[in-house]
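Visitor: File follows, entry.pdb with PDB, C-alpha atoms and all ligand atoms:
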```pdb
ATOM      1  CA  MET U   1      -6.090  27.261   0.440
ATOM      2  CA  ASP U   2      -6.423  29.145  -2.856
ATOM      3  CA  LYS U   3      -3.000  28.551  -4.222
ATOM      4  CA  ALA U   4      -2.138  25.046  -5.286
ATOM      5  CA  PHE U   5       0.435  23.092  -3.319
ATOM      6  CA  SER U   6       2.809  21.164  -5.500
ATOM      7  CA  GLN U   7       5.872  19.020  -5.134
ATOM      8  CA  ILE U   8       7.987  16.984  -7.532
ATOM      9  CA  TYR U   9       9.566  13.686  -6.550
ATOM     10  CA  LYS U  10      12.236  11.765  -8.406
ATOM     11  CA  ILE U  11      11.768   8.019  -8.353
ATOM     12  CA  GLN U  12      14.667   5.725  -9.131
ATOM     13  CA  GLY U  13      13.978   2.382 -10.754
ATOM     14  CA  GLY U  14      15.467  -0.866  -9.524
ATOM     15  CA  ASN U  15      15.614  -0.993  -5.765
ATOM     16  CA  ILE U  16      12.313  -2.459  -4.706
ATOM     17  CA  TYR U  17      13.401  -2.965  -1.098
ATOM     18  CA  ASN U  18      13.313   0.702  -0.131
ATOM     19  CA  ALA U  19      10.625   1.795  -2.557
ATOM     20  CA  GLY U  20       7.625   3.801  -1.424
ATOM     21  CA  LYS U  21       9.223   6.965  -0.062
ATOM     22  CA  ALA U  22       7.424   9.429  -2.351
ATOM     23  CA  SER U  23       3.969   7.981  -1.645
ATOM     24  CA  THR U  24       4.476   7.816   2.101
ATOM     25  CA  GLU U  25       5.612  11.448   2.044
ATOM     26  CA  ILE U  26       2.569  12.415  -0.027
ATOM     27  CA  LYS U  27       0.380  10.714   2.530
ATOM     28  CA  SER U  28       2.028  12.578   5.406
ATOM     29  CA  ILE U  29       1.609  15.933   3.625
ATOM     30  CA  LEU U  30      -2.084  15.285   2.944
ATOM     31  CA  LYS U  31      -2.576  14.442   6.620
ATOM     32  CA  GLN U  32      -0.921  17.723   7.605
ATOM     33  CA  LEU U  33      -3.184  19.583   5.170
ATOM     34  CA  GLY U  34      -6.162  18.062   6.979
ATOM     35  CA  ILE U  35      -7.642  16.344   3.909
ATOM     36  CA  ASN U  36     -10.428  13.797   4.535
ATOM     37  CA  SER U  37      -8.918  10.433   5.449
ATOM     38  CA  PHE U  38     -10.926   8.446   2.849
ATOM     39  CA  ILE U  39      -9.514  10.684   0.127
ATOM     40  CA  ILE U  40      -6.005  10.432   1.556
ATOM     41  CA  ARG U  41      -6.196   6.652   1.488
ATOM     42  CA  ARG U  42      -7.263   6.623  -2.167
ATOM     43  CA  VAL U  43      -4.492   9.023  -3.180
ATOM     44  CA  ALA U  44      -1.867   7.132  -1.199
ATOM     45  CA  ILE U  45      -2.841   3.754  -2.668
ATOM     46  CA  ALA U  46      -2.842   5.081  -6.238
ATOM     47  CA  ALA U  47       0.501   6.859  -5.747
ATOM     48  CA  TYR U  48       2.110   3.847  -4.094
ATOM     49  CA  GLU U  49       1.075   1.385  -6.830
ATOM     50  CA  ALA U  50       2.317   3.860  -9.471
ATOM     51  CA  GLU U  51       5.600   4.340  -7.599
ATOM     52  CA  MET U  52       6.098   0.584  -7.263
ATOM     53  CA  ASN U  53       5.535   0.162 -10.991
ATOM     54  CA  VAL U  54       8.283   2.680 -11.753
ATOM     55  CA  VAL U  55      10.636   0.908  -9.374
ATOM     56  CA  MET U  56       9.805  -2.500 -10.816
ATOM     57  CA  TYR U  57       9.573  -1.783 -14.524
ATOM     58  CA  ALA U  58      11.110   1.590 -15.456
ATOM     59  CA  LYS U  59      14.485   3.342 -15.193
ATOM     60  CA  HIS U  60      13.338   6.440 -13.410
ATOM     61  CA  ALA U  61      10.450   8.866 -13.196
ATOM     62  CA  THR U  62       9.217  12.171 -11.930
ATOM     63  CA  MET U  63       6.098  12.155  -9.815
ATOM     64  CA  THR U  64       4.322  15.495  -9.664
ATOM     65  CA  PHE U  65       1.955  15.889  -6.753
ATOM     66  CA  GLU U  66      -0.492  18.792  -6.734
ATOM     67  CA  VAL U  67      -3.195  19.803  -4.338
ATOM     68  CA  THR U  68      -5.717  22.354  -5.576
ATOM     69  CA  PRO U  69      -8.864  23.442  -3.726
ATOM     70  CA  LYS U  70     -10.916  20.981  -5.798
ATOM     71  CA  GLN U  71      -8.662  18.021  -6.463
ATOM     72  CA  ILE U  72      -5.444  16.155  -5.944
ATOM     73  CA  ASN U  73      -3.367  15.326  -9.004
ATOM     74  CA  ILE U  74      -0.574  12.797  -9.337
ATOM     75  CA  ILE U  75       1.311  12.775 -12.618
ATOM     76  CA  VAL U  76       3.936  10.112 -13.144
ATOM     77  CA  GLU U  77       6.203  10.292 -16.180
ATOM     78  CA  ASP U  78       8.764   7.561 -16.484
ATOM     79  CA  GLU U  79      11.579   6.620 -18.783
ATOM     80  CA  GLY U  80      11.527   2.941 -19.491
ATOM     81  CA  PRO U  81      10.220   0.277 -21.841
ATOM     82  CA  GLY U  82       6.656   1.595 -21.929
ATOM     83  CA  ILE U  83       3.719  -0.801 -22.250
ATOM     84  CA  ALA U  84       3.013  -2.389 -25.634
ATOM     85  CA  ASP U  85      -0.575  -3.430 -24.890
ATOM     86  CA  VAL U  86      -2.119  -1.030 -22.414
ATOM     87  CA  SER U  87      -5.536  -2.678 -22.307
ATOM     88  CA  LEU U  88      -3.893  -6.005 -21.472
ATOM     89  CA  ALA U  89      -1.813  -4.368 -18.710
ATOM     90  CA  MET U  90      -5.000  -2.817 -17.297
ATOM     91  CA  GLN U  91      -6.536  -6.264 -16.843
ATOM     92  CA  GLU U  92      -6.768  -7.577 -13.323
ATOM     93  CA  GLY U  93      -4.206 -10.338 -12.829
ATOM     94  CA  TYR U  94      -1.987  -9.525 -15.805
ATOM     95  CA  SER U  95       1.616  -9.202 -14.669
ATOM     96  CA  THR U  96       5.133  -9.598 -15.989
ATOM     97  CA  ALA U  97       6.661  -9.331 -12.497
ATOM     98  CA  THR U  98       9.734 -11.419 -11.681
ATOM     99  CA  PRO U  99       9.864 -13.945  -8.817
ATOM    100  CA  GLU U 100      11.949 -11.423  -6.842
ATOM    101  CA  MET U 101       9.158  -8.829  -7.137
ATOM    102  CA  ARG U 102       6.584 -11.396  -6.080
ATOM    103  CA  GLU U 103       8.666 -12.209  -3.022
ATOM    104  CA  MET U 104       8.317  -8.555  -2.022
ATOM    105  CA  GLY U 105       4.526  -8.861  -2.177
ATOM    106  CA  PHE U 106       4.013  -7.285  -5.599
ATOM    107  CA  GLY U 107       3.205  -8.686  -9.021
ATOM    108  CA  ALA U 108      -0.399  -9.734  -8.504
ATOM    109  CA  GLY U 109      -1.410  -7.721 -11.544
ATOM    110  CA  MET U 110      -3.731  -5.576  -9.446
ATOM    111  CA  GLY U 111      -1.745  -2.324  -9.504
ATOM    112  CA  LEU U 112      -3.027  -0.502 -12.584
ATOM    113  CA  PRO U 113      -6.678  -1.574 -12.134
ATOM    114  CA  ASN U 114      -6.504  -0.503  -8.501
ATOM    115  CA  ILE U 115      -5.031   2.889  -9.430
ATOM    116  CA  LYS U 116      -7.926   3.367 -11.828
ATOM    117  CA  ARG U 117     -10.471   2.282  -9.245
ATOM    118  CA  ASN U 118      -9.166   4.810  -6.718
ATOM    119  CA  SER U 119      -9.116   7.684  -9.239
ATOM    120  CA  ASP U 120     -11.929   9.987 -10.314
ATOM    121  CA  SER U 121     -10.054  10.529 -13.555
ATOM    122  CA  PHE U 122      -7.309   8.249 -14.833
ATOM    123  CA  LYS U 123      -5.267   8.527 -18.014
ATOM    124  CA  ILE U 124      -2.457   6.331 -19.209
ATOM    125  CA  GLU U 125      -0.273   7.030 -22.227
ATOM    126  CA  SER U 126       2.507   4.765 -23.361
ATOM    127  CA  VAL U 127       5.246   5.036 -25.938
ATOM    128  CA  VAL U 128       7.069   1.759 -26.387
ATOM    129  CA  GLY U 129      10.789   2.188 -25.831
ATOM    130  CA  LYS U 130      10.289   5.567 -24.180
ATOM    131  CA  GLY U 131       8.041   5.278 -21.175
ATOM    132  CA  ILE U 132       4.592   5.839 -19.779
ATOM    133  CA  LYS U 133       2.663   8.759 -18.359
ATOM    134  CA  LEU U 134      -0.056   8.368 -15.758
ATOM    135  CA  GLU U 135      -2.455  11.153 -14.840
ATOM    136  CA  ILE U 136      -4.409  10.482 -11.700
ATOM    137  CA  LYS U 137      -7.004  12.934 -10.418
ATOM    138  CA  ILE U 138      -8.949  12.542  -7.220
ATOM    139  CA  ASN U 139     -11.670  15.028  -6.271
ATOM    140  CA  ILE U 140     -11.563  16.483  -2.813
ATOM    141  CA  ASN U 141     -15.353  16.683  -2.411
TER     142      ASN U 141
ATOM    143  CA  MET V   1     -10.820  -6.486  19.648
ATOM    144  CA  THR V   2      -7.801  -4.952  21.374
ATOM    145  CA  LEU V   3      -4.203  -5.767  20.531
ATOM    146  CA  SER V   4      -3.747  -7.137  24.060
ATOM    147  CA  GLU V   5      -6.471  -9.693  23.370
ATOM    148  CA  ILE V   6      -4.767 -10.599  20.096
ATOM    149  CA  VAL V   7      -1.421 -10.987  21.843
ATOM    150  CA  GLU V   8      -3.070 -13.342  24.294
ATOM    151  CA  SER V   9      -5.066 -15.336  21.721
ATOM    152  CA  LEU V  10      -2.069 -15.907  19.454
ATOM    153  CA  SER V  11       0.726 -16.087  22.092
ATOM    154  CA  CYS V  12       2.362 -13.115  20.397
ATOM    155  CA  GLU V  13       5.748 -11.607  20.793
ATOM    156  CA  VAL V  14       5.578  -7.797  20.576
ATOM    157  CA  PHE V  15       8.360  -6.431  18.349
ATOM    158  CA  THR V  16       7.180  -2.858  18.638
ATOM    159  CA  GLY V  17       4.086  -1.091  19.957
ATOM    160  CA  ASN V  18       4.057  -2.219  23.580
ATOM    161  CA  ASP V  19       2.585   1.180  24.446
ATOM    162  CA  GLN V  20      -0.240   0.748  21.885
ATOM    163  CA  LEU V  21      -1.704  -2.554  23.056
ATOM    164  CA  HIS V  22      -4.938  -0.872  24.138
ATOM    165  CA  MET V  23      -5.552  -0.118  20.419
ATOM    166  CA  ARG V  24      -8.735  -1.619  18.944
ATOM    167  CA  VAL V  25      -8.799  -3.226  15.521
ATOM    168  CA  GLU V  26     -12.120  -3.458  13.700
ATOM    169  CA  PHE V  27     -11.465  -6.195  11.151
ATOM    170  CA  GLY V  28      -8.883  -8.710  10.103
ATOM    171  CA  CYS V  29      -7.306  -9.534   6.772
ATOM    172  CA  ALA V  30      -4.589 -11.958   5.757
ATOM    173  CA  SER V  31      -2.324 -11.971   2.718
ATOM    174  CA  ASP V  32       1.251 -12.229   1.523
ATOM    175  CA  LEU V  33       0.320 -10.185  -1.519
ATOM    176  CA  MET V  34       0.621  -6.506  -0.742
ATOM    177  CA  SER V  35      -1.240  -5.560  -3.943
ATOM    178  CA  ASP V  36      -4.217  -7.530  -2.644
ATOM    179  CA  VAL V  37      -4.031  -5.713   0.674
ATOM    180  CA  LEU V  38      -3.980  -2.421  -1.237
ATOM    181  CA  ALA V  39      -6.924  -3.486  -3.389
ATOM    182  CA  PHE V  40      -9.214  -5.230  -0.907
ATOM    183  CA  SER V  41      -8.562  -4.187   2.673
ATOM    184  CA  GLN V  42     -10.319  -1.489   4.631
ATOM    185  CA  ALA V  43      -8.893   1.222   6.844
ATOM    186  CA  GLY V  44      -8.530   0.105  10.447
ATOM    187  CA  ALA V  45      -7.831  -3.572   9.770
ATOM    188  CA  LEU V  46      -5.335  -5.918  11.381
ATOM    189  CA  LEU V  47      -3.058  -7.609   8.819
ATOM    190  CA  LEU V  48      -1.798 -11.156   9.233
ATOM    191  CA  THR V  49       1.041 -11.953   6.881
ATOM    192  CA  GLY V  50       4.067 -14.119   6.274
ATOM    193  CA  LEU V  51       5.790 -11.315   4.391
ATOM    194  CA  VAL V  52       8.376  -9.726   6.665
ATOM    195  CA  ASN V  53       9.937  -6.773   4.888
ATOM    196  CA  ASN V  54       9.831  -2.998   4.447
ATOM    197  CA  GLN V  55       7.028  -3.227   1.895
ATOM    198  CA  THR V  56       4.771  -4.868   4.471
ATOM    199  CA  VAL V  57       5.112  -1.829   6.726
ATOM    200  CA  GLN V  58       4.894   0.698   3.866
ATOM    201  CA  THR V  59       1.749  -1.033   2.589
ATOM    202  CA  ALA V  60       0.236  -0.969   6.059
ATOM    203  CA  TYR V  61       0.919   2.751   6.361
ATOM    204  CA  ILE V  62      -0.531   3.475   2.908
ATOM    205  CA  ALA V  63      -3.639   1.306   3.399
ATOM    206  CA  GLU V  64      -4.244   2.364   7.023
ATOM    207  CA  ILE V  65      -3.707  -1.078   8.425
ATOM    208  CA  LYS V  66      -3.592  -0.514  12.175
ATOM    209  CA  ALA V  67      -1.270  -3.336  13.215
ATOM    210  CA  ILE V  68       0.590  -6.303  11.728
ATOM    211  CA  VAL V  69       0.894  -9.899  12.938
ATOM    212  CA  PHE V  70       3.717 -11.935  11.394
ATOM    213  CA  VAL V  71       2.802 -15.611  11.306
ATOM    214  CA  ARG V  72       4.777 -18.855  11.610
ATOM    215  CA  GLY V  73       7.412 -17.399  13.935
ATOM    216  CA  LYS V  74       8.809 -14.999  11.340
ATOM    217  CA  LYS V  75      10.891 -12.196  12.766
ATOM    218  CA  PRO V  76      11.280  -8.706  11.267
ATOM    219  CA  SER V  77      14.742  -7.187  10.882
ATOM    220  CA  ARG V  78      15.796  -4.203  12.952
ATOM    221  CA  GLU V  79      15.278  -2.006   9.878
ATOM    222  CA  VAL V  80      11.686  -3.189   9.466
ATOM    223  CA  ILE V  81      11.024  -2.614  13.180
ATOM    224  CA  SER V  82      12.381   0.901  13.059
ATOM    225  CA  LEU V  83      10.276   1.747  10.000
ATOM    226  CA  ALA V  84       7.217   0.509  11.899
ATOM    227  CA  GLN V  85       8.160   2.595  14.954
ATOM    228  CA  ASP V  86       8.451   5.599  12.707
ATOM    229  CA  LYS V  87       4.969   4.972  11.275
ATOM    230  CA  LYS V  88       3.545   4.018  14.706
ATOM    231  CA  ILE V  89       2.395   0.610  13.494
ATOM    232  CA  PRO V  90       2.602  -2.132  16.141
ATOM    233  CA  LEU V  91       4.327  -5.341  14.993
ATOM    234  CA  LEU V  92       3.408  -8.663  16.594
ATOM    235  CA  GLY V  93       4.655 -12.160  15.888
ATOM    236  CA  THR V  94       2.864 -15.446  16.433
ATOM    237  CA  PRO V  95       4.170 -18.999  16.268
ATOM    238  CA  TYR V  96       0.861 -20.112  14.671
ATOM    239  CA  SER V  97       0.522 -20.675  10.935
ATOM    240  CA  MET V  98      -1.514 -18.245   8.878
ATOM    241  CA  TYR V  99      -4.462 -20.637   8.767
ATOM    242  CA  GLU V 100      -4.474 -21.295  12.501
ATOM    243  CA  ALA V 101      -3.919 -17.649  13.439
ATOM    244  CA  CYS V 102      -6.811 -16.523  11.225
ATOM    245  CA  GLY V 103      -9.037 -19.279  12.570
ATOM    246  CA  LEU V 104      -8.345 -18.355  16.167
ATOM    247  CA  LEU V 105      -9.104 -14.664  15.633
ATOM    248  CA  TYR V 106     -12.169 -15.409  13.526
ATOM    249  CA  LYS V 107     -13.518 -17.603  16.298
ATOM    250  CA  LYS V 108     -12.988 -14.749  18.765
ATOM    251  CA  GLY V 109     -15.160 -12.551  16.561
ATOM    252  CA  LEU V 110     -12.693 -10.522  14.521
ATOM    253  CA  VAL V 111     -14.638  -9.980  11.309
ATOM    254  CA  PRO V 112     -13.136 -10.119   7.819
ATOM    255  CA  THR V 113     -12.466  -7.020   5.771
ATOM    256  CA  MET V 114     -11.470  -8.172   2.335
ATOM    257  CA  VAL V 115     -14.372  -7.372   0.060
ATOM    258  CA  CYS V 116     -13.624  -8.829  -3.309
ATOM    259  CA  VAL V 117     -15.716  -6.829  -5.717
ATOM    260  CA  PRO V 118     -14.884  -7.405  -9.366
ATOM    261  CA  PHE V 119     -13.210  -4.500 -11.115
ATOM    262  CA  LYS V 120     -14.769  -2.662 -13.987
ATOM    263  CA  ALA V 121     -12.602  -3.237 -17.037
TER     264      ALA V 121
HETATM  265  N1  LIG W 201       5.741   1.963 -15.489
HETATM  266  C1  LIG W 201       5.691   0.846 -16.223
HETATM  267  N2  LIG W 201       6.570   0.642 -17.257
HETATM  268  C2  LIG W 201       6.516  -0.487 -17.992
HETATM  269  N3  LIG W 201       5.614  -1.475 -17.796
HETATM  270  C3  LIG W 201       4.721  -1.329 -16.813
HETATM  271  C4  LIG W 201       4.712  -0.173 -15.979
HETATM  272  N4  LIG W 201       3.708  -0.302 -15.083
HETATM  273  C5  LIG W 201       3.128  -1.474 -15.349
HETATM  274  N5  LIG W 201       3.722  -2.109 -16.370
HETATM  275  C6  LIG W 201       3.328  -3.416 -16.971
HETATM  276  O1  LIG W 201       1.959  -3.644 -16.701
HETATM  277  C7  LIG W 201       1.802  -4.856 -15.950
HETATM  278  C8  LIG W 201       0.645  -4.729 -14.997
HETATM  279  O2  LIG W 201       0.934  -3.759 -13.980
HETATM  280  P1  LIG W 201       0.149  -3.797 -12.590
HETATM  281  O3  LIG W 201      -1.310  -3.806 -12.856
HETATM  282  O4  LIG W 201       0.676  -2.698 -11.743
HETATM  283  O5  LIG W 201       0.512  -5.218 -11.996
HETATM  284  P2  LIG W 201       1.883  -5.792 -11.403
HETATM  285  O6  LIG W 201       2.788  -4.625 -11.084
HETATM  286  O7  LIG W 201       1.467  -6.533 -10.212
HETATM  287  O8  LIG W 201       2.464  -6.661 -12.472
HETATM  288  C9  LIG W 201       3.152  -5.079 -15.307
HETATM  289  O9  LIG W 201       3.373  -6.425 -14.973
HETATM  290  C10 LIG W 201       4.096  -4.578 -16.383
HETATM  291  O10 LIG W 201       4.253  -5.538 -17.407
HETATM  292 MG    MG W 202       2.138  -2.883 -10.206
END
```
Could you write out this file's structure as structure tokens?

Guide:
Amino acid sequence: MDKAFSQIYKIQGGNIYNAGKASTEIKSILKQLGINSFIIRRVAIAAYEAEMNVVMYAKHATMTFEVTPKQINIIVEDEGPGIADVSLAMQEGYSTATPEMREMGFGAGMGLPNIKRNSDSFKIESVVGKGIKLEIKININ
Amino acid sequence: MTLSEIVESLSCEVFTGNDQLHMRVEFGCASDLMSDVLAFSQAGALLLTGLVNNQTVQTAYIAEIKAIVFVRGKKPSREVISLAQDKKIPLLGTPYSMYEACGLLYKKGLVPTMVCVPFKA
């Protein structure tokens, strides 16, 4: 597999009930590509938490998924409020989730720290009033 | 532990996965917080939860949870069942509370999976 595989997903904000389609599809593709299951699990968890954040907090986003011979990249660029204090948002347990989101099992404030933990390289950029960009890289070996 | 043994121990109803009851689960975990499942569970675990919606099944698929037990007599909707069928994740339901269901399985030797290591900041 010399040439990179890549796919772009559109994620719509708002409807938490059906959220998770892009990440589950990413997981299925990685399985078909025969990637190691430990790596797949890390990618899927990071993608899913990022996707849920878009659905919960932003208007919409594009999620770019790339597989190269060396690594898997997930880039999420959303349009939304952005995050005013990124280091606070990165803290375990910090959450502004609504009761409705908590009823769906999210809003424990573990998403961003868990994305970071599952990544080999993790970058977050935020512009308040515009949106955030996440760059997640996970090595294949 | 096989799913059949779990069905028997917890007097479970099988919502989907009747053909997968020979499946073995290695560990157990219990939570209503899907973010905690995503952060602390291990692949191959059984999940006990009171959360009965699509996100429970999606989370299980993402985190490689092998099967789900809904506690306290909670019943999944047809939509949730069909999502689980699609992802080949057996769904069971027990009348026991979360605490009792966990206790019963723990006593039968199903080991815990949630390893709560502190995050690096
Ligand atoms: N895409 C986003 N746009 C705006 N705010 C966000 C976004 N993602 C996360 N946040 C903010 O960061 C907080 C922490 O996120 P996270 O760690 O995923 O925990 P949780 O989603 O459980 O609240 C959120 O509660 C929210 O305030
Ligand atoms: Mg989150």

Visitor: Compile the residues of chain U that lie within 6 Å of chain V, evaluated using all atoms listed in the file, and express the compilation as a PDB file with C-alpha atoms, in the coordinates of the input.

Guide:
```
ATOM      1  CA  ALA U  44      -1.867   7.132  -1.199  1.00  0.00           C
ATOM      2  CA  GLY U 105       4.526  -8.861  -2.177  1.00  0.00           C
ATOM      3  CA  PHE U 106       4.013  -7.285  -5.599  1.00  0.00           C
ATOM      4  CA  ASN U 114      -6.504  -0.503  -8.501  1.00  0.00           C
TER       5      ASN U 114
END
```

Visitor: Written as number ranges by chain, what is the full residue list that the PyMOL selection byres (((not hetatm)) within 8 of (chain W and resi 202)) yields on the file shown?

Guide: U: 49-50, 52-53, 56, 95, 106-112; V: 35

Visitor: Let me know the residues the PyMOL selection byres (((chain V and resi 16) around 8) and not hetatm) catches in the file above, as a list of chain:residue names.

Guide: V:Val14, V:Phe15, V:Gly17, V:Asn18, V:Ile81, V:Ala84, V:Gln85, V:Ile89, V:Pro90, V:Leu91, V:Leu92

Visitor: Quick one: of U:Ile72, U:Val127, U:Ala61, U:Ala22, who's nearest to U:Ile40, counting only C-alpha atoms?

Guide: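 For U:Ile40, the nearest of the given residues is U:Ile72.
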
Visitor: Any chance you could work out the residue set of the PyMOL selection byres (((chain U and resi 140) around 7) and not hetatm) here, as a list in words?

Guide: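 That expression, the PyMOL selection byres (((chain U and resi 140) around 7) and not hetatm), corresponds here to Ile39, Lys70, Gln71, Ile72, Ile138, Asn139 and Asn141 of chain U.
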
Visitor: Output the selection as a PDB file, in the coordinates of the input - C-alpha atoms for each residue.

Guide:
```
ATOM      1  CA  ILE U  39      -9.514  10.684   0.127  1.00  0.00           C
ATOM      2  CA  LYS U  70     -10.916  20.981  -5.798  1.00  0.00           C
ATOM      3  CA  GLN U  71      -8.662  18.021  -6.463  1.00  0.00           C
ATOM      4  CA  ILE U  72      -5.444  16.155  -5.944  1.00  0.00           C
ATOM      5  CA  ILE U 138      -8.949  12.542  -7.220  1.00  0.00           C
ATOM      6  CA  ASN U 139     -11.670  15.028  -6.271  1.00  0.00           C
ATOM      7  CA  ASN U 141     -15.353  16.683  -2.411  1.00  0.00           C
TER       8      ASN U 141
END
```

Visitor: Compile the contact shell of V:Val25 as a list in words: residues with an atom at most 6 Å away, counting all atoms listed in the file, same-chain residues fewer than 2 positions apart removed.

Guide: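 Returned residues: Met1, Phe27 and Ala45 of chain V.
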
Visitor: Please report the interatomic distance between atom CA of U:Lys130 and atom CA of U:Gln12 in Å with one decimal.

Guide: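 The value is 15.7 Å.
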
Visitor: I'd like the contact shell of U:Met63 - 6 Å cut-off, only C-alpha atoms, skipping same-chain residues fewer than 4 positions apart - returned as JSON, numbers by chain.

Guide: {"U": [8, 9, 75, 76]}

Visitor: Take atom CA of V:Ala30 and atom CA of V:Glu5 and report the distance between them in Å, one decimal.

Guide: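 About the pair atom CA of V:Ala30 and atom CA of V:Glu5: they are 17.9 Å apart.
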
Visitor: Give me the box for stretch 53-65 of chain V as JSON, namely the centre and edge lengths in Å to one decimal of a box along x, y and z that holds every listed atom plus 6 Å on each side.

Guide:
```
{"center_x": 2.8, "center_y": -1.6, "center_z": 5.2, "size_x": 26.2, "size_y": 22.2, "size_z": 18.5}
```

Visitor: Counting all atoms listed in the file, which residue out of V:Gly93, V:Val57, V:Gln20, V:Ile65 sits closest to V:Ser41?

Guide: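 Counting all atoms listed in the file, the residue closest to V:Ser41 is V:Ile65.
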
Visitor: Which polymer residues, whether protein, DNA or RNA, lie within 8 Å of the coordinate (6.0, 7.3, -16.7) when you count all atoms listed in the file? List them as a count of residues only, using the chain letters and numbers from the file.

Guide: 15
